[in-house]
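One file, input_29.csv, carrying CSV, C-alpha atoms:
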chain,number,residue,atom,x,y,z
H,90,MET,CA,11.6,-12.9,84.4
H,91,SER,CA,10.2,-16.0,82.8
H,92,LEU,CA,8.0,-15.9,79.8
H,93,LEU,CA,6.6,-19.3,80.7
H,94,PRO,CA,3.3,-17.9,82.1
H,95,PHE,CA,2.8,-15.9,78.9
H,96,CYS,CA,3.5,-19.0,76.8
H,97,GLN,CA,1.0,-21.0,78.9
H,98,TRP,CA,-1.6,-18.3,78.5
H,99,LEU,CA,-0.9,-18.2,74.7
H,100,ALA,CA,-1.3,-22.0,74.4
H,101,ASP,CA,-4.8,-21.7,75.9
H,102,THR,CA,-6.0,-19.1,73.4
H,103,PRO,CA,-8.5,-20.4,70.9
H,104,GLY,CA,-6.3,-19.5,67.9
H,105,SER,CA,-3.3,-21.4,69.2
H,106,ILE,CA,-5.5,-24.5,70.0
H,107,ALA,CA,-7.1,-24.3,66.5
H,108,LEU,CA,-3.8,-24.1,64.7
H,109,HIS,CA,-2.2,-26.8,66.9
H,110,GLU,CA,-5.1,-29.2,66.2
H,111,SER,CA,-5.7,-28.3,62.6
H,112,LEU,CA,-5.4,-31.0,60.0
H,113,TYR,CA,-4.1,-28.9,57.2
H,114,MET,CA,-3.3,-25.4,58.4
H,115,TYR,CA,-0.3,-26.4,60.6
H,116,PRO,CA,1.4,-28.5,57.9
H,117,LEU,CA,0.7,-25.8,55.3
H,118,VAL,CA,2.3,-23.1,57.6
H,119,GLU,CA,5.3,-25.4,58.3
H,120,SER,CA,5.7,-26.2,54.6
H,121,ALA,CA,5.6,-22.4,53.7
H,122,HIS,CA,8.2,-21.9,56.5
H,123,VAL,CA,10.5,-24.6,55.1
H,124,LEU,CA,10.1,-23.8,51.4
H,125,THR,CA,10.6,-20.0,51.8
H,126,LEU,CA,14.0,-21.0,53.0
H,127,CYS,CA,14.9,-21.3,49.3
H,128,LEU,CA,13.8,-17.7,48.6
H,129,PHE,CA,15.2,-16.0,51.7
H,130,LEU,CA,18.2,-18.1,52.5
H,131,GLY,CA,18.9,-19.0,48.9
H,132,MET,CA,19.3,-15.3,48.1
H,133,ALA,CA,21.2,-14.7,51.4
H,134,ILE,CA,23.7,-17.5,50.6
H,135,MET,CA,24.3,-16.2,47.1
H,136,PHE,CA,25.0,-12.8,48.6
H,137,ASP,CA,27.3,-14.3,51.3
H,138,LEU,CA,29.2,-16.3,48.6
H,139,ARG,CA,29.7,-13.1,46.7
H,140,LEU,CA,31.1,-11.5,49.8
H,141,LEU,CA,33.5,-14.4,50.1
H,142,GLY,CA,34.5,-13.9,46.5
H,143,VAL,CA,33.5,-17.4,45.4
H,144,ALA,CA,30.3,-16.7,43.4
H,145,LEU,CA,29.1,-14.0,41.0
H,146,ARG,CA,32.5,-12.5,41.2
H,147,SER,CA,32.0,-10.1,38.3
H,148,VAL,CA,28.7,-8.7,39.6
H,149,ARG,CA,28.7,-5.5,41.6
H,150,ILE,CA,27.7,-6.0,45.3
H,151,THR,CA,25.3,-3.0,45.0
H,152,GLU,CA,23.6,-4.6,42.0
H,153,ILE,CA,23.1,-7.9,43.9
H,154,LYS,CA,21.6,-6.0,46.8
H,155,ARG,CA,19.4,-3.9,44.6
H,156,ARG,CA,18.0,-6.7,42.5
H,157,LEU,CA,18.0,-9.7,45.0
H,158,GLY,CA,17.5,-7.7,48.2
H,159,PRO,CA,13.8,-7.2,47.7
H,160,TRP,CA,13.3,-11.0,47.2
H,161,MET,CA,15.3,-11.6,50.3
H,162,THR,CA,13.2,-9.2,52.3
H,163,VAL,CA,9.9,-10.8,51.0
H,164,GLY,CA,11.3,-14.2,52.0
H,165,PHE,CA,12.3,-12.9,55.4
H,166,ILE,CA,8.9,-11.5,56.1
H,167,VAL,CA,7.2,-14.8,55.2
H,168,MET,CA,9.8,-16.6,57.4
H,169,VAL,CA,9.0,-14.4,60.3
H,170,ILE,CA,5.2,-14.6,59.9
H,171,THR,CA,5.1,-18.4,59.5
H,172,GLY,CA,7.7,-18.9,62.2
H,173,ALA,CA,5.6,-16.8,64.6
H,174,LEU,CA,2.6,-18.8,63.7
H,175,LEU,CA,4.5,-22.1,64.4
H,176,PHE,CA,5.5,-20.7,67.8
H,177,TYR,CA,1.9,-19.6,68.4
H,178,ALA,CA,0.7,-23.1,67.7
H,179,ILE,CA,3.1,-24.8,70.2
H,180,PRO,CA,4.3,-22.0,72.6
H,181,VAL,CA,5.2,-23.9,75.8
H,182,ARG,CA,7.1,-26.7,74.2
H,183,SER,CA,8.9,-24.3,71.8
H,184,TYR,CA,9.8,-21.9,74.6
H,185,GLN,CA,11.3,-24.8,76.6
H,186,SER,CA,13.2,-26.3,73.7
H,187,ILE,CA,17.0,-26.0,73.8
H,188,TRP,CA,16.9,-26.0,70.0
H,189,PHE,CA,14.4,-23.2,69.8
H,190,ARG,CA,16.4,-21.2,72.3
H,191,GLY,CA,19.6,-21.9,70.4
H,192,LYS,CA,17.9,-20.8,67.2
H,193,VAL,CA,16.8,-17.5,68.8
H,194,VAL,CA,20.3,-16.8,70.0
H,195,ALA,CA,21.8,-17.6,66.6
H,196,LEU,CA,19.1,-15.3,64.9
H,197,ILE,CA,20.1,-12.5,67.2
H,198,LEU,CA,23.8,-13.1,66.4
H,199,ALA,CA,23.0,-13.1,62.6
H,200,GLY,CA,21.2,-9.8,63.1
H,201,LEU,CA,24.2,-8.3,64.9
H,202,ASN,CA,26.5,-9.6,62.2
H,203,ALA,CA,24.3,-8.0,59.5
H,204,PHE,CA,24.3,-4.7,61.5
H,205,VAL,CA,28.1,-4.7,61.9
H,206,PHE,CA,28.4,-5.3,58.2
H,207,HIS,CA,26.1,-2.5,57.2
H,208,ALA,CA,27.5,-0.1,59.7
H,209,GLY,CA,31.1,-0.9,58.8
H,210,VAL,CA,32.6,-2.1,55.6
H,211,ASP,CA,29.4,-1.9,53.6
H,212,ARG,CA,29.4,1.9,54.0
H,213,ARG,CA,32.6,2.0,51.9
H,214,VAL,CA,31.1,-0.4,49.4
H,215,ALA,CA,31.8,2.0,46.5
H,216,GLU,CA,35.5,1.3,47.1
H,217,TRP,CA,35.2,-2.5,46.6
H,218,ASP,CA,31.9,-2.8,44.7
H,219,LEU,CA,33.5,-4.6,41.8
H,220,ALA,CA,36.4,-6.4,43.6
H,221,PRO,CA,36.2,-10.1,42.7
H,222,VAL,CA,37.3,-10.8,46.3
H,223,PRO,CA,35.9,-8.2,48.8
H,224,PRO,CA,38.0,-6.9,51.7
H,225,PRO,CA,38.6,-9.1,54.8
H,226,ALA,CA,35.8,-7.5,56.9
H,227,ALA,CA,33.2,-8.3,54.2
H,228,ARG,CA,34.5,-11.8,53.8
H,229,ARG,CA,34.3,-12.3,57.6
H,230,ALA,CA,30.7,-11.0,57.5
H,231,GLY,CA,29.8,-13.4,54.7
H,232,ALA,CA,31.4,-16.4,56.4
H,233,THR,CA,29.9,-15.6,59.8
H,234,SER,CA,26.5,-15.2,58.2
H,235,LEU,CA,26.8,-18.6,56.4
H,236,VAL,CA,27.8,-20.4,59.7
H,237,LEU,CA,25.0,-18.7,61.7
H,238,TRP,CA,22.3,-19.5,59.2
H,239,ALA,CA,23.4,-23.1,59.0
H,240,VAL,CA,23.1,-23.3,62.8
H,241,ILE,CA,19.6,-21.6,62.6
H,242,VAL,CA,18.4,-24.2,60.0
H,243,VAL,CA,19.8,-27.2,61.8
H,244,ALA,CA,18.5,-26.0,65.2
H,245,GLY,CA,15.1,-25.3,63.6
H,246,ARG,CA,14.9,-28.8,62.2
H,247,MET,CA,15.8,-30.3,65.6
H,248,ILE,CA,12.9,-28.6,67.4
H,249,ALA,CA,10.8,-31.4,65.9
H,250,TYR,CA,12.7,-34.0,68.0
H,251,ASN,CA,11.8,-34.6,71.7
H,252,TRP,CA,15.2,-35.8,72.9
H,253,PHE,CA,15.6,-33.0,75.4
H,254,ASP,CA,12.0,-32.1,76.1
H,255,CYS,CA,11.1,-31.0,79.7
H,256,ASP,CA,8.4,-33.7,80.0
H,257,LYS,CA,11.0,-36.4,79.2
H,258,GLN,CA,12.9,-36.7,82.5
H,259,PRO,CA,15.4,-37.3,83.7
H,260,GLN,CA,17.4,-34.9,81.6
H,261,PRO,CA,21.0,-33.8,82.3
H,262,HIS,CA,21.1,-30.8,84.7
H,263,PHE,CA,22.5,-28.7,81.9
H,264,VAL,CA,19.5,-29.4,79.6
H,265,ASN,CA,17.0,-28.5,82.3
H,266,VAL,CA,18.8,-25.2,83.1
H,267,VAL,CA,19.1,-24.2,79.4
H,268,ALA,CA,15.6,-25.3,78.5
H,269,GLY,CA,14.2,-23.7,81.7
H,270,CYS,CA,12.4,-26.9,82.7
H,271,VAL,CA,10.4,-26.8,85.9
H,272,VAL,CA,11.5,-30.0,87.5
H,273,PRO,CA,10.0,-31.2,90.8
H,274,PRO,CA,12.7,-31.8,93.4
H,275,PRO,CA,14.0,-35.4,93.8
H,276,GLY,CA,11.9,-37.6,96.2
H,277,GLY,CA,8.6,-36.5,94.6
H,278,GLY,CA,8.0,-33.6,97.0
H,279,ARG,CA,6.2,-30.7,95.5
Z,100,MET,CA,-0.3,-43.0,43.1
Z,101,ASN,CA,2.9,-44.4,44.6
Z,102,LEU,CA,6.0,-46.2,43.6
Z,103,SER,CA,4.6,-49.7,44.3
Z,104,ALA,CA,3.2,-49.3,40.8
Z,105,LEU,CA,6.8,-50.0,39.6
Z,106,ASN,CA,6.4,-53.4,41.2
Z,107,MET,CA,9.9,-53.7,42.8
Z,108,PRO,CA,9.1,-55.3,46.1
Z,109,GLY,CA,12.4,-57.3,46.0
Z,110,LEU,CA,14.5,-54.1,45.7
Z,111,VAL,CA,12.6,-52.5,48.6
Z,112,GLU,CA,13.1,-55.6,50.7
Z,113,TRP,CA,16.8,-55.7,49.9
Z,114,VAL,CA,17.2,-52.0,50.9
Z,115,ALA,CA,15.2,-52.5,54.1
Z,116,SER,CA,17.2,-55.5,55.2
Z,117,SER,CA,20.6,-53.9,54.5
Z,118,ALA,CA,22.9,-53.1,57.4
Z,119,LEU,CA,23.0,-49.4,56.4
Z,120,SER,CA,19.2,-49.2,56.5
Z,121,LYS,CA,19.1,-50.7,60.0
Z,122,ALA,CA,22.0,-48.5,61.2
Z,123,ILE,CA,20.2,-45.3,60.1
Z,124,SER,CA,16.7,-46.2,61.3
Z,125,THR,CA,17.8,-47.5,64.7
Z,126,SER,CA,20.2,-44.6,65.4
Z,127,THR,CA,18.8,-41.7,67.4
Z,128,TRP,CA,20.7,-39.0,65.6
Z,129,ALA,CA,21.5,-40.3,62.1
Z,130,PHE,CA,18.2,-39.5,60.4
Z,131,ALA,CA,18.1,-36.0,62.0
Z,132,VAL,CA,21.6,-35.2,61.0
Z,133,ILE,CA,21.3,-36.4,57.4
Z,134,GLU,CA,18.0,-34.5,57.1
Z,135,SER,CA,19.7,-31.3,58.4
Z,136,VAL,CA,22.4,-31.6,55.6
Z,137,HIS,CA,19.5,-32.3,53.1
Z,138,LEU,CA,17.9,-29.0,54.3
Z,139,LEU,CA,21.1,-27.0,54.1
Z,140,ALA,CA,21.6,-28.1,50.5
Z,141,LEU,CA,18.0,-27.2,49.8
Z,142,ALA,CA,18.8,-23.6,50.6
Z,143,VAL,CA,21.8,-23.6,48.3
Z,144,ILE,CA,20.0,-25.3,45.4
Z,145,GLY,CA,17.1,-22.9,46.0
Z,146,GLY,CA,19.4,-19.9,45.6
Z,147,ALA,CA,21.1,-21.4,42.5
Z,148,VAL,CA,17.8,-22.1,40.8
Z,149,LEU,CA,16.1,-18.8,41.8
Z,150,ILE,CA,19.0,-16.6,40.7
Z,151,VAL,CA,18.7,-17.9,37.1
Z,152,ASP,CA,14.9,-18.2,37.0
Z,153,LEU,CA,14.4,-14.7,38.4
Z,154,LYS,CA,16.6,-13.4,35.7
Z,155,LEU,CA,14.6,-15.3,33.1
Z,156,LEU,CA,11.5,-13.7,34.5
Z,157,GLY,CA,13.1,-10.3,34.2
Z,158,PHE,CA,13.6,-9.7,38.0
Z,159,GLY,CA,17.2,-10.8,38.4
Z,160,ILE,CA,20.6,-9.2,38.0
Z,161,ARG,CA,20.7,-6.8,35.0
Z,162,THR,CA,24.4,-5.8,34.7
Z,163,GLN,CA,25.4,-9.3,33.6
Z,164,GLY,CA,24.2,-11.5,30.7
Z,165,LEU,CA,22.0,-14.5,31.3
Z,166,GLU,CA,24.7,-16.8,30.1
Z,167,GLU,CA,27.2,-15.5,32.7
Z,168,ILE,CA,24.8,-15.8,35.6
Z,169,ALA,CA,23.7,-19.3,34.4
Z,170,ARG,CA,27.3,-20.5,34.2
Z,171,ASP,CA,28.1,-19.1,37.6
Z,172,ALA,CA,25.0,-20.7,39.2
Z,173,GLN,CA,25.6,-24.0,37.4
Z,174,LYS,CA,28.4,-25.2,39.7
Z,175,TRP,CA,26.4,-24.4,42.9
Z,176,PHE,CA,23.4,-26.1,41.4
Z,177,LEU,CA,25.3,-29.3,40.5
Z,178,GLY,CA,27.1,-29.3,43.8
Z,179,SER,CA,24.0,-28.9,46.0
Z,180,TRP,CA,22.1,-31.3,43.7
Z,181,LEU,CA,24.7,-34.0,44.4
Z,182,VAL,CA,24.5,-33.4,48.2
Z,183,MET,CA,20.7,-33.6,47.9
Z,184,ILE,CA,20.8,-36.9,46.0
Z,185,VAL,CA,23.4,-38.5,48.4
Z,186,THR,CA,21.5,-37.4,51.6
Z,187,GLY,CA,18.2,-38.1,49.9
Z,188,LEU,CA,19.3,-41.7,49.1
Z,189,LEU,CA,20.4,-42.2,52.7
Z,190,LEU,CA,17.0,-41.0,53.9
Z,191,PHE,CA,15.3,-43.3,51.5
Z,192,TRP,CA,17.6,-46.1,52.7
Z,193,SER,CA,16.4,-45.7,56.2
Z,194,GLU,CA,12.6,-46.1,55.4
Z,195,PRO,CA,12.2,-47.6,52.0
Z,196,GLN,CA,8.9,-49.4,52.7
Z,197,LYS,CA,7.2,-46.2,53.9
Z,198,LEU,CA,8.4,-44.3,50.8
Z,199,TYR,CA,7.5,-47.1,48.4
Z,200,TYR,CA,3.8,-46.6,49.4
Z,201,SER,CA,4.0,-42.8,49.8
Z,202,THR,CA,2.1,-40.6,47.3
Z,203,PRO,CA,4.1,-37.4,48.1
Z,204,PHE,CA,7.3,-39.3,47.6
Z,205,ALA,CA,6.2,-40.5,44.2
Z,206,VAL,CA,5.2,-36.9,43.3
Z,207,LYS,CA,8.6,-35.7,44.5
Z,208,MET,CA,10.5,-38.3,42.5
Z,209,LEU,CA,8.5,-37.5,39.3
Z,210,CYS,CA,9.2,-33.8,39.7
Z,211,LEU,CA,12.9,-34.5,40.5
Z,212,LEU,CA,13.3,-36.6,37.4
Z,213,LEU,CA,11.5,-34.0,35.2
Z,214,GLY,CA,13.2,-31.0,36.9
Z,215,THR,CA,16.6,-32.5,36.5
Z,216,ILE,CA,16.1,-33.4,32.8
Z,217,PHE,CA,14.5,-29.9,32.2
Z,218,ALA,CA,17.5,-28.2,33.9
Z,219,LEU,CA,20.1,-30.1,31.8
Z,220,THR,CA,18.3,-29.8,28.5
Z,221,VAL,CA,15.7,-27.0,27.7
Z,222,ARG,CA,16.7,-24.6,30.5
Z,223,ARG,CA,20.4,-25.1,29.8
Z,224,LYS,CA,19.9,-24.5,26.1
Z,225,VAL,CA,17.9,-21.3,26.7
Z,226,THR,CA,20.2,-19.8,29.3
Z,227,LEU,CA,23.3,-20.4,27.2
Z,228,ALA,CA,21.8,-19.4,23.9
Z,229,GLY,CA,23.2,-15.9,24.0
Z,230,GLU,CA,21.5,-12.4,24.1
Z,231,GLY,CA,18.5,-12.0,21.9
Z,232,ARG,CA,18.3,-15.5,20.7
Z,233,VAL,CA,15.3,-16.5,22.7
Z,234,SER,CA,12.1,-14.5,23.1
Z,235,PRO,CA,11.2,-13.1,26.6
Z,236,ALA,CA,8.0,-15.0,26.5
Z,237,VAL,CA,9.8,-18.3,26.1
Z,238,MET,CA,12.3,-17.4,28.8
Z,239,LYS,CA,9.4,-16.7,31.2
Z,240,LEU,CA,7.8,-20.0,30.3
Z,241,VAL,CA,11.0,-21.8,30.9
Z,242,ALA,CA,11.4,-20.2,34.4
Z,243,LEU,CA,7.8,-21.0,35.3
Z,244,VAL,CA,8.2,-24.6,34.3
Z,245,SER,CA,11.5,-24.8,36.3
Z,246,LEU,CA,10.0,-23.2,39.4
Z,247,THR,CA,6.9,-25.4,39.3
Z,248,LEU,CA,8.9,-28.6,39.0
Z,249,TRP,CA,11.3,-27.7,41.8
Z,250,PHE,CA,8.4,-26.5,43.9
Z,251,GLY,CA,6.9,-30.0,43.4
Z,252,VAL,CA,10.1,-31.6,44.6
Z,253,GLY,CA,10.2,-29.4,47.8
Z,254,ALA,CA,6.5,-29.6,48.6
Z,255,GLY,CA,6.4,-33.3,47.9
Z,256,GLY,CA,9.4,-33.8,50.2
Z,257,ARG,CA,7.9,-31.8,53.0
Z,258,TRP,CA,4.6,-33.6,52.7
Z,259,ILE,CA,6.2,-37.1,53.1
Z,260,GLY,CA,6.6,-36.3,56.7
Z,261,PHE,CA,3.0,-35.3,57.2
Z,262,SER,CA,1.5,-38.4,55.7
Z,263,GLY,CA,1.8,-41.8,57.3

What does this structure look like when you write it as C-alpha cells?
Amino acid sequence: MSLLPFCQWLADTPGSIALHESLYMYPLVESAHVLTLCLFLGMAIMFDLRLLGVALRSVRITEIKRRLGPWMTVGFIVMVITGALLFYAIPVRSYQSIWFRGKVVALILAGLNAFVFHAGVDRRVAEWDLAPVPPPAARRAGATSLVLWAVIVVAGRMIAYNWFDCDKQPQPHFVNVVAGCVVPPPGGGR
Amino acid sequence: MNLSALNMPGLVEWVASSALSKAISTSTWAFAVIESVHLLALAVIGGAVLIVDLKLLGFGIRTQGLEEIARDAQKWFLGSWLVMIVTGLLLFWSEPQKLYYSTPFAVKMLCLLLGTIFALTVRRKVTLAGEGRVSPAVMKLVALVSLTLWFGVGAGGRWIGFSG
C-alpha cells in the first residue's frame, strides 16, 4: 500500500500549507531540528564513545545513563517533534525522497540496535559497569550506533538537494523505484 | 552588520577566483559532502561542550570531578573544533562573496572567536581549578556564557542558508 495519497492529502491541509509558506516558522523549526542535534546526538555520541572504551573510561556506564540519559531523551523528543513538523510542511517531496527513505530505514535500524543492546549485554551491565573497555557486544552496539547516526545525519542533510527528485526526470530506474516516483510511460501516453 | 566592514575586498576576490573555490562551487556533490562532515563534527563538538557545561550547571556526571570530565572532553572538543574549522574554511572558500555580505555569518564568526577564546581561557581555568576553588554561581555563569556563545555559532551558521 502506498502512503502517497495520504501525503498528498496532508500537503493540502491548511496547517501544512501555512508551515510550508511561512517566512519564519519553517526556518525556526528546521534550526531547532539541526541544533538539537548537539543535545541528542552529542550525548548519544559521548555514550557510544564510552561503550567503545575511548571516552569517559573511568565513568560508570550506569552513571552516564542516569545523568545524561534524560537530556538525550529531551533532545530526542524535540528531534521527533520538529522532524515530524518538517515532514508535515513538505510531505509529498519528503515521502518520495530517496534520502528521506534511507533516513527512515537507518532510524529503524538504530532503534533495533538500541533494543538489542538493552535486551542483551546491557542487562548484565553490573558486570562491566566500570570496565574501561566494555565487552565486545557493547562495543559493537556503540560502533553500530555511531555509523547509523552518521548515516541518518548525512541522509537528512541531503534531503535538501533535488538531485533525485521525482519531478526531475529522467532519473535512473533504480532511483524511480526506490523513491516510489510515479513516472508516465515512455512516449507520453498516460 | 557584515564582514565587509573589515574592508578586505581584495582577499574575498582572491579567494573567489582561486581554483579550489571554483572546484567546490561548480561541483554537484562537493558542497553537500563538506557540509555533511561539518554537521557530523557539530554533533561531536556539541557533546563535548555540553558534557562539561551541564556539569558546571550541576546537571552532569556526579561520580567524577569537574577536572577529570573537562580533560576527557577536551580532546574531543579540540578534534571536532579542528574538523569544523577545516570544513568551514572549505565552505567559506566556495562562496566568499555571499558570506562577506552575510549578517548571520558575521554573527557566527564573532561568536566563534569569542567562544574559542572563552573556552581556552576562562572556562579552561575554571574547569581545571580543582574542587571547591570556584563558587557554584561562577561555574553556572561560565556555563551559560559558553552555551550562549556556541548557540550563536550554531544558529548563525544555520541562518546563513536562510538569508540570501

What are the closest atom pairs, with distances in Å to one decimal, for all residues of region 118-165 of chain Z lying within 8 Å of region 240-258 of chain H? Consider all atoms listed in the file, order rows by chain and residue number, and present the result as a tab-separated table.
residue	atom	partner	partner_atom	distance
Z:Ala131	CA	H:Met247	CA	7.1
Z:Ser135	CA	H:Val243	CA	5.3
Z:Leu138	CA	H:Val242	CA	7.5
Z:Leu139	CA	H:Val242	CA	7.1

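Here CA of Leu198 (chain Z) is placed at a distance of 17.6 Å from CA of Ala122 (chain Z).
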
Compile the contact shell of region 100-112 of chain H as a list in words: residues with an atom at most 6 Å away, counting only C-alpha atoms, same-chain residues fewer than 3 positions apart removed.
Gln97, Tyr115, Tyr177, Ala178 and Pro180 of chain H

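Residue-level contact on chain H: within 7 Å of chain Z, counting only C-alpha atoms, the set is Ser120, Leu124, Leu126, Cys127, Leu128, Leu130, Gly131, Met132, Ile134, Met135, Ala144, Leu145, Val148, Glu152, Ile153, Arg156, Leu157, Ala239, Val243 and Arg246 of chain H.
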
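For the pair CA of Leu212 (chain Z) and CA of Gln196 (chain Z), the interatomic distance is 20.4 Å.
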
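Of the listed residues H:Pro94, H:Leu99, H:Leu196, H:Ala268, the one whose atoms come nearest to Ile179 (chain H) is H:Leu99, with distances taken using all atoms listed in the file.
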
Please identify all polymer residues within 6 Å of Thr226 (chain Z), counting all atoms listed in the file, omitting same-chain residues fewer than 2 positions from it, and present them as a PDB file with C-alpha atoms, in the coordinates of the input.
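Generated file (selection-v9.pdb):
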ATOM      1  CA  LEU Z 165      22.000 -14.500  31.300  1.00  0.00           C
ATOM      2  CA  GLU Z 166      24.700 -16.800  30.100  1.00  0.00           C
ATOM      3  CA  ARG Z 223      20.400 -25.100  29.800  1.00  0.00           C
ATOM      4  CA  LYS Z 224      19.900 -24.500  26.100  1.00  0.00           C
ATOM      5  CA  ALA Z 228      21.800 -19.400  23.900  1.00  0.00           C
TER       6      ALA Z 228
END

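Pairwise distance (CA of Val193 (chain H), CA of Met168 (chain H)) equals 13.4 Å.
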
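With distances restricted to only C-alpha atoms, Z:Val241 is the closest residue to Thr220 (chain Z) from Z:Ala236, Z:Leu105, Z:Leu246, Z:Val241.
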
Leaving out Val206 (chain Z) and any residue of its chain fewer than 5 positions from it, which residues lie within 8 Å of it when counting only C-alpha atoms, given as a VMD selection string?
chain Z and resid 101 251 to 252 255

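The shortest atom-to-atom distance to Leu177 (chain Z), with all atoms listed in the file taken into account, belongs to Z:Ala218 out of Z:Leu155, Z:Ala115, Z:Ala218, Z:Met238.
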
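Checking Z:Phe217, Z:Met100, Z:Ala242, Z:Met208 one by one against Val151 (chain Z), counting only C-alpha atoms, you find the shortest gap at Z:Ala242.
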
When you look at Ala227 (chain H) with a cut-off of 7 Å (counting only C-alpha atoms), what residues show up, excluding the ones that are within fewer than 5 positions of it in the same chain? I need them as an MDAnalysis selection string.
chainID H and resid 140 206 210

Taking the structure in the block just given, could you write region 114-180 of chain Z with C-alpha atoms, as a JSON list (two decimals), in the first residue's frame?
[["chain", "number", "residue", "atom", "x", "y", "z"],
["Z", 114, "VAL", "CA", 39.50, 33.51, -2.62],
["Z", 115, "ALA", "CA", 36.65, 33.63, -5.13],
["Z", 116, "SER", "CA", 39.00, 33.43, -8.10],
["Z", 117, "SER", "CA", 41.02, 30.51, -6.70],
["Z", 118, "ALA", "CA", 40.86, 27.13, -8.38],
["Z", 119, "LEU", "CA", 39.66, 25.50, -5.14],
["Z", 120, "SER", "CA", 36.75, 27.91, -4.87],
["Z", 121, "LYS", "CA", 35.65, 27.23, -8.43],
["Z", 122, "ALA", "CA", 36.09, 23.48, -7.97],
["Z", 123, "ILE", "CA", 33.82, 23.37, -4.91],
["Z", 124, "SER", "CA", 31.19, 25.77, -6.18],
["Z", 125, "THR", "CA", 30.83, 24.11, -9.60],
["Z", 126, "SER", "CA", 30.83, 20.56, -8.23],
["Z", 127, "THR", "CA", 27.43, 18.94, -7.69],
["Z", 128, "TRP", "CA", 28.46, 16.99, -4.61],
["Z", 129, "ALA", "CA", 31.41, 18.79, -3.02],
["Z", 130, "PHE", "CA", 29.48, 21.40, -1.03],
["Z", 131, "ALA", "CA", 26.94, 18.86, 0.20],
["Z", 132, "VAL", "CA", 29.62, 16.38, 1.26],
["Z", 133, "ILE", "CA", 31.74, 19.01, 3.05],
["Z", 134, "GLU", "CA", 28.65, 20.33, 4.80],
["Z", 135, "SER", "CA", 27.71, 16.83, 5.94],
["Z", 136, "VAL", "CA", 31.12, 16.41, 7.57],
["Z", 137, "HIS", "CA", 30.66, 19.88, 9.11],
["Z", 138, "LEU", "CA", 27.32, 18.67, 10.59],
["Z", 139, "LEU", "CA", 28.77, 15.42, 11.94],
["Z", 140, "ALA", "CA", 31.52, 17.37, 13.70],
["Z", 141, "LEU", "CA", 28.80, 19.68, 15.06],
["Z", 142, "ALA", "CA", 27.24, 16.74, 16.89],
["Z", 143, "VAL", "CA", 30.60, 15.76, 18.41],
["Z", 144, "ILE", "CA", 31.53, 19.29, 19.48],
["Z", 145, "GLY", "CA", 28.00, 19.70, 20.87],
["Z", 146, "GLY", "CA", 28.50, 16.63, 23.03],
["Z", 147, "ALA", "CA", 31.98, 17.70, 24.15],
["Z", 148, "VAL", "CA", 30.77, 21.19, 25.13],
["Z", 149, "LEU", "CA", 27.53, 20.05, 26.78],
["Z", 150, "ILE", "CA", 29.06, 17.32, 28.90],
["Z", 151, "VAL", "CA", 31.22, 19.96, 30.63],
["Z", 152, "ASP", "CA", 28.68, 22.81, 30.69],
["Z", 153, "LEU", "CA", 25.96, 20.52, 32.09],
["Z", 154, "LYS", "CA", 28.35, 19.56, 34.87],
["Z", 155, "LEU", "CA", 29.14, 23.22, 35.55],
["Z", 156, "LEU", "CA", 25.37, 23.79, 35.83],
["Z", 157, "GLY", "CA", 25.06, 20.87, 38.26],
["Z", 158, "PHE", "CA", 23.26, 18.50, 35.86],
["Z", 159, "GLY", "CA", 26.19, 16.42, 34.67],
["Z", 160, "ILE", "CA", 28.06, 13.34, 35.81],
["Z", 161, "ARG", "CA", 28.49, 13.36, 39.61],
["Z", 162, "THR", "CA", 30.86, 10.50, 40.30],
["Z", 163, "GLN", "CA", 33.84, 12.21, 38.67],
["Z", 164, "GLY", "CA", 35.41, 15.57, 39.36],
["Z", 165, "LEU", "CA", 34.96, 18.53, 37.04],
["Z", 166, "GLU", "CA", 38.63, 18.48, 36.11],
["Z", 167, "GLU", "CA", 38.56, 14.84, 35.01],
["Z", 168, "ILE", "CA", 35.45, 15.32, 32.84],
["Z", 169, "ALA", "CA", 36.89, 18.52, 31.36],
["Z", 170, "ARG", "CA", 40.20, 16.85, 30.49],
["Z", 171, "ASP", "CA", 38.36, 13.92, 28.91],
["Z", 172, "ALA", "CA", 36.10, 16.20, 26.87],
["Z", 173, "GLN", "CA", 38.98, 18.46, 25.83],
["Z", 174, "LYS", "CA", 40.44, 16.15, 23.19],
["Z", 175, "TRP", "CA", 37.04, 15.56, 21.59],
["Z", 176, "PHE", "CA", 36.40, 19.28, 21.67],
["Z", 177, "LEU", "CA", 39.71, 20.16, 20.03],
["Z", 178, "GLY", "CA", 39.44, 17.36, 17.46],
["Z", 179, "SER", "CA", 35.93, 18.29, 16.36],
["Z", 180, "TRP", "CA", 36.78, 22.01, 16.51]]
